[in-house]
>>> print(open('input-v3.pdb').read())   # PDB, C-alpha atoms
MODEL        1
ATOM      1  CA  MET A  23      22.644   3.284 -14.716  1.00  0.00           C
ATOM      2  CA  LYS A  24      21.508   5.176 -17.741  1.00  0.00           C
ATOM      3  CA  LYS A  25      20.137   8.619 -16.993  1.00  0.00           C
ATOM      4  CA  GLU A  26      16.876   7.778 -18.768  1.00  0.00           C
ATOM      5  CA  ARG A  27      16.176   4.786 -16.530  1.00  0.00           C
ATOM      6  CA  LEU A  28      17.145   6.769 -13.441  1.00  0.00           C
ATOM      7  CA  PHE A  29      14.771   9.556 -14.427  1.00  0.00           C
ATOM      8  CA  GLU A  30      11.977   7.088 -15.271  1.00  0.00           C
ATOM      9  CA  SER A  31      12.538   5.363 -11.902  1.00  0.00           C
ATOM     10  CA  TYR A  32      12.006   8.626 -10.051  1.00  0.00           C
ATOM     11  CA  ILE A  33       8.864   9.287 -12.087  1.00  0.00           C
ATOM     12  CA  LEU A  34       7.512   5.828 -11.253  1.00  0.00           C
ATOM     13  CA  LEU A  35       8.298   6.293  -7.551  1.00  0.00           C
ATOM     14  CA  PHE A  36       6.509   9.633  -7.612  1.00  0.00           C
ATOM     15  CA  ASP A  37       3.471   8.068  -9.323  1.00  0.00           C
ATOM     16  CA  ILE A  38       3.438   5.229  -6.794  1.00  0.00           C
ATOM     17  CA  GLU A  39       3.573   7.636  -3.853  1.00  0.00           C
ATOM     18  CA  ILE A  40       0.775   9.763  -5.322  1.00  0.00           C
ATOM     19  CA  SER A  41      -1.392   6.661  -5.787  1.00  0.00           C
ATOM     20  CA  LEU A  42      -0.624   5.468  -2.253  1.00  0.00           C
ATOM     21  CA  ILE A  43      -1.461   8.849  -0.797  1.00  0.00           C
ATOM     22  CA  ASN A  44      -4.743   9.038  -2.705  1.00  0.00           C
ATOM     23  CA  ILE A  45      -5.796   5.577  -1.521  1.00  0.00           C
ATOM     24  CA  ILE A  46      -4.705   6.193   2.076  1.00  0.00           C
ATOM     25  CA  GLU A  47      -6.135   9.695   2.226  1.00  0.00           C
ATOM     26  CA  LYS A  48      -9.592   8.553   1.157  1.00  0.00           C
ATOM     27  CA  LYS A  49      -9.701   5.916   3.902  1.00  0.00           C
ATOM     28  CA  MET A  50      -8.168   8.087   6.610  1.00  0.00           C
ATOM     29  CA  THR A  51     -10.268  11.176   5.865  1.00  0.00           C
ATOM     30  CA  LYS A  52     -13.442   9.127   5.883  1.00  0.00           C
ATOM     31  CA  HIS A  53     -12.568   7.607   9.253  1.00  0.00           C
ATOM     32  CA  TYR A  54     -10.572  10.306  11.104  1.00  0.00           C
ATOM     33  CA  GLY A  55     -11.571  13.535   9.347  1.00  0.00           C
ATOM     34  CA  HIS A  56      -9.383  16.134   7.680  1.00  0.00           C
ATOM     35  CA  LEU A  57      -6.960  16.495  10.582  1.00  0.00           C
ATOM     36  CA  TRP A  58      -5.582  12.978  10.140  1.00  0.00           C
ATOM     37  CA  ARG A  59      -2.462  14.275   8.337  1.00  0.00           C
ATOM     38  CA  GLN A  60      -1.447  16.618  11.141  1.00  0.00           C
ATOM     39  CA  ILE A  61      -1.933  13.923  13.742  1.00  0.00           C
ATOM     40  CA  PHE A  62      -0.235  11.212  11.719  1.00  0.00           C
ATOM     41  CA  PHE A  63       2.782  13.117  10.393  1.00  0.00           C
ATOM     42  CA  ALA A  64       3.418  14.758  13.777  1.00  0.00           C
ATOM     43  CA  GLU A  65       3.964  11.291  15.211  1.00  0.00           C
ATOM     44  CA  GLY A  66       5.624   9.583  12.247  1.00  0.00           C
ATOM     45  CA  GLY A  67       7.769  11.927  10.220  1.00  0.00           C
ATOM     46  CA  THR A  68       7.673  13.753   6.944  1.00  0.00           C
ATOM     47  CA  HIS A  69       8.424  11.101   4.316  1.00  0.00           C
ATOM     48  CA  LEU A  70       5.793   8.597   3.270  1.00  0.00           C
ATOM     49  CA  CYS A  71       8.304   5.731   3.187  1.00  0.00           C
ATOM     50  CA  ASP A  72       9.314   6.533   6.777  1.00  0.00           C
ATOM     51  CA  ASN A  73       5.682   6.202   7.799  1.00  0.00           C
ATOM     52  CA  LEU A  74       4.662   3.043   5.938  1.00  0.00           C
ATOM     53  CA  PRO A  75       5.211   0.687   8.903  1.00  0.00           C
ATOM     54  CA  LEU A  76       3.186   2.987  11.160  1.00  0.00           C
ATOM     55  CA  LEU A  77       0.451   3.354   8.563  1.00  0.00           C
ATOM     56  CA  PHE A  78      -0.135  -0.346   8.199  1.00  0.00           C
ATOM     57  CA  ARG A  79      -0.397  -0.936  11.923  1.00  0.00           C
ATOM     58  CA  LEU A  80      -3.720   0.893  11.757  1.00  0.00           C
ATOM     59  CA  ASN A  81      -6.623  -1.543  11.557  1.00  0.00           C
ATOM     60  CA  LEU A  82      -8.296   0.726   9.046  1.00  0.00           C
ATOM     61  CA  LEU A  83      -5.558   0.173   6.458  1.00  0.00           C
ATOM     62  CA  GLN A  84      -4.765  -3.464   7.160  1.00  0.00           C
ATOM     63  CA  ASN A  85      -7.578  -4.593   4.871  1.00  0.00           C
ATOM     64  CA  THR A  86      -6.748  -2.055   2.163  1.00  0.00           C
ATOM     65  CA  PHE A  87      -3.639  -3.762   0.795  1.00  0.00           C
ATOM     66  CA  THR A  88      -2.986  -7.464   0.288  1.00  0.00           C
ATOM     67  CA  ASP A  89       0.033  -9.182   1.834  1.00  0.00           C
ATOM     68  CA  HIS A  90       1.613  -9.276  -1.626  1.00  0.00           C
ATOM     69  CA  GLU A  91       1.130  -5.510  -2.015  1.00  0.00           C
ATOM     70  CA  LEU A  92       2.648  -4.906   1.421  1.00  0.00           C
ATOM     71  CA  HIS A  93       5.646  -6.975   0.352  1.00  0.00           C
ATOM     72  CA  ASP A  94       5.872  -4.844  -2.816  1.00  0.00           C
ATOM     73  CA  LEU A  95       5.866  -1.736  -0.621  1.00  0.00           C
ATOM     74  CA  CYS A  96       8.857  -3.079   1.318  1.00  0.00           C
ATOM     75  CA  ILE A  97      10.688  -3.651  -1.969  1.00  0.00           C
ATOM     76  CA  LEU A  98       9.702  -0.131  -3.001  1.00  0.00           C
ATOM     77  CA  VAL A  99      11.404   1.314   0.086  1.00  0.00           C
ATOM     78  CA  ASP A 100      14.600  -0.612  -0.753  1.00  0.00           C
ATOM     79  CA  ILE A 101      14.546   0.659  -4.337  1.00  0.00           C
ATOM     80  CA  LYS A 102      13.930   4.223  -3.167  1.00  0.00           C
ATOM     81  CA  ASN A 103      16.868   3.983  -0.751  1.00  0.00           C
ATOM     82  CA  ALA A 104      19.124   2.721  -3.555  1.00  0.00           C
ATOM     83  CA  LEU A 105      18.051   5.592  -5.786  1.00  0.00           C
ATOM     84  CA  ASN A 106      18.568   8.122  -2.998  1.00  0.00           C
ATOM     85  CA  GLN A 107      22.146   6.870  -2.696  1.00  0.00           C
ATOM     86  CA  GLN A 108      22.375   7.189  -6.490  1.00  0.00           C
ATOM     87  CA  SER A 109      23.192   3.521  -6.741  1.00  0.00           C
ATOM     88  CA  THR A 110      22.272   1.559  -9.796  1.00  0.00           C
ATOM     89  CA  ILE A 111      19.109  -0.472  -9.696  1.00  0.00           C
ATOM     90  CA  SER A 112      18.615  -3.599 -11.712  1.00  0.00           C
ATOM     91  CA  GLN A 113      16.328  -3.939 -14.690  1.00  0.00           C
ATOM     92  CA  GLY A 114      14.249  -6.276 -12.502  1.00  0.00           C
ATOM     93  CA  ASP A 115      13.772  -3.564  -9.888  1.00  0.00           C
ATOM     94  CA  PHE A 116      12.856  -1.087 -12.601  1.00  0.00           C
ATOM     95  CA  ASP A 117      10.325  -3.543 -14.049  1.00  0.00           C
ATOM     96  CA  HIS A 118       8.974  -4.070 -10.537  1.00  0.00           C
ATOM     97  CA  LEU A 119       8.447  -0.310 -10.208  1.00  0.00           C
ATOM     98  CA  LYS A 120       6.539  -0.229 -13.498  1.00  0.00           C
ATOM     99  CA  TYR A 121       4.349  -3.191 -12.498  1.00  0.00           C
ATOM    100  CA  PHE A 122       3.599  -1.840  -9.036  1.00  0.00           C
ATOM    101  CA  SER A 123       2.870   1.640 -10.369  1.00  0.00           C
ATOM    102  CA  HIS A 124       0.325   0.173 -12.771  1.00  0.00           C
ATOM    103  CA  GLN A 125      -1.195  -2.014 -10.037  1.00  0.00           C
ATOM    104  CA  LEU A 126      -1.587   0.921  -7.614  1.00  0.00           C
ATOM    105  CA  SER A 127      -3.017   3.185 -10.307  1.00  0.00           C
ATOM    106  CA  ARG A 128      -5.707   0.590 -10.945  1.00  0.00           C
ATOM    107  CA  LYS A 129      -6.388   0.236  -7.207  1.00  0.00           C
ATOM    108  CA  LYS A 130      -6.550   4.035  -6.830  1.00  0.00           C
ATOM    109  CA  PHE A 131      -9.045   4.272  -9.687  1.00  0.00           C
ATOM    110  CA  LEU A 132     -11.217   1.577  -8.131  1.00  0.00           C
ATOM    111  CA  SER A 133     -11.109   3.137  -4.668  1.00  0.00           C
ATOM    112  CA  LEU A 134     -11.938   6.623  -5.953  1.00  0.00           C
ATOM    113  CA  SER A 135     -14.826   5.405  -8.086  1.00  0.00           C
ATOM    114  CA  ILE A 136     -16.625   3.835  -5.117  1.00  0.00           C
TER     115      ILE A 136
ENDMDL
END
>>> encode(input="input-v3.pdb", output="structure tokens")
Amino acid sequence: MKKERLFESYILLFDIEISLINIIEKKMTKHYGHLWRQIFFAEGGTHLCDNLPLLFRLNLLQNTFTDHELHDLCILVDIKNALNQQSTISQGDFDHLKYFSHQLSRKKFLSLSI
């Protein structure tokens, strides 16, 4: 994998995680208050990807993301694992990261403007 694409992949993953956290945090803070992070991460773990299955079991977040977006999140975890092992990812996976990053940025903007 070219170093540029590897670097861009990490940037996209970071942007995706920031967007996810912003969307999730708005919902969770509104419903559970500001202590939701301590409660949630004490039970789940420290990495967002480790906690995604637990997050989406909550009724509050089940209506936040479509089934297609949840599927994209599963693909995202696979891509992140490949990058963590410093394996090469395909151009298709890289394009998927770009598409999903754009999609979540739009969703984050819409959720924050409400």
>>> atom_distance(input="input-v3.pdb", atom1="atom CA of A:Ser133", atom2="atom CA of A:Tyr54")
17.3 Å
>>> closest_residue(input="input-v3.pdb", among="A:Leu80, A:Arg59, A:Asn85, A:Arg128", to="A:Ile43", atoms="only C-alpha atoms")
A:Arg59
>>> closest_residue(input="input-v3.pdb", among="A:Leu105, A:Gly114, A:Leu95, A:His53", to="A:Ile38", atoms="all atoms listed in the file")
A:Leu95
>>> resolve_selection(input="input-v3.pdb", expression="the PyMOL selection byres ((chain A and resi 94) around 12)", output="ChimeraX atom specification")
/A:38,74,87-93,95-101,115,118-123,125-126
>>> resolve_selection(input="input-v3.pdb", expression="the PyMOL selection byres ((chain A and resi 111) around 12)", output="PyMOL selection string")
chain A and resi 23-25+27-32+97-98+100-110+112-119
>>> atom_distance(input="input-v3.pdb", atom1="atom CA of A:Phe131", atom2="atom CA of A:Glu26")
27.7 Å
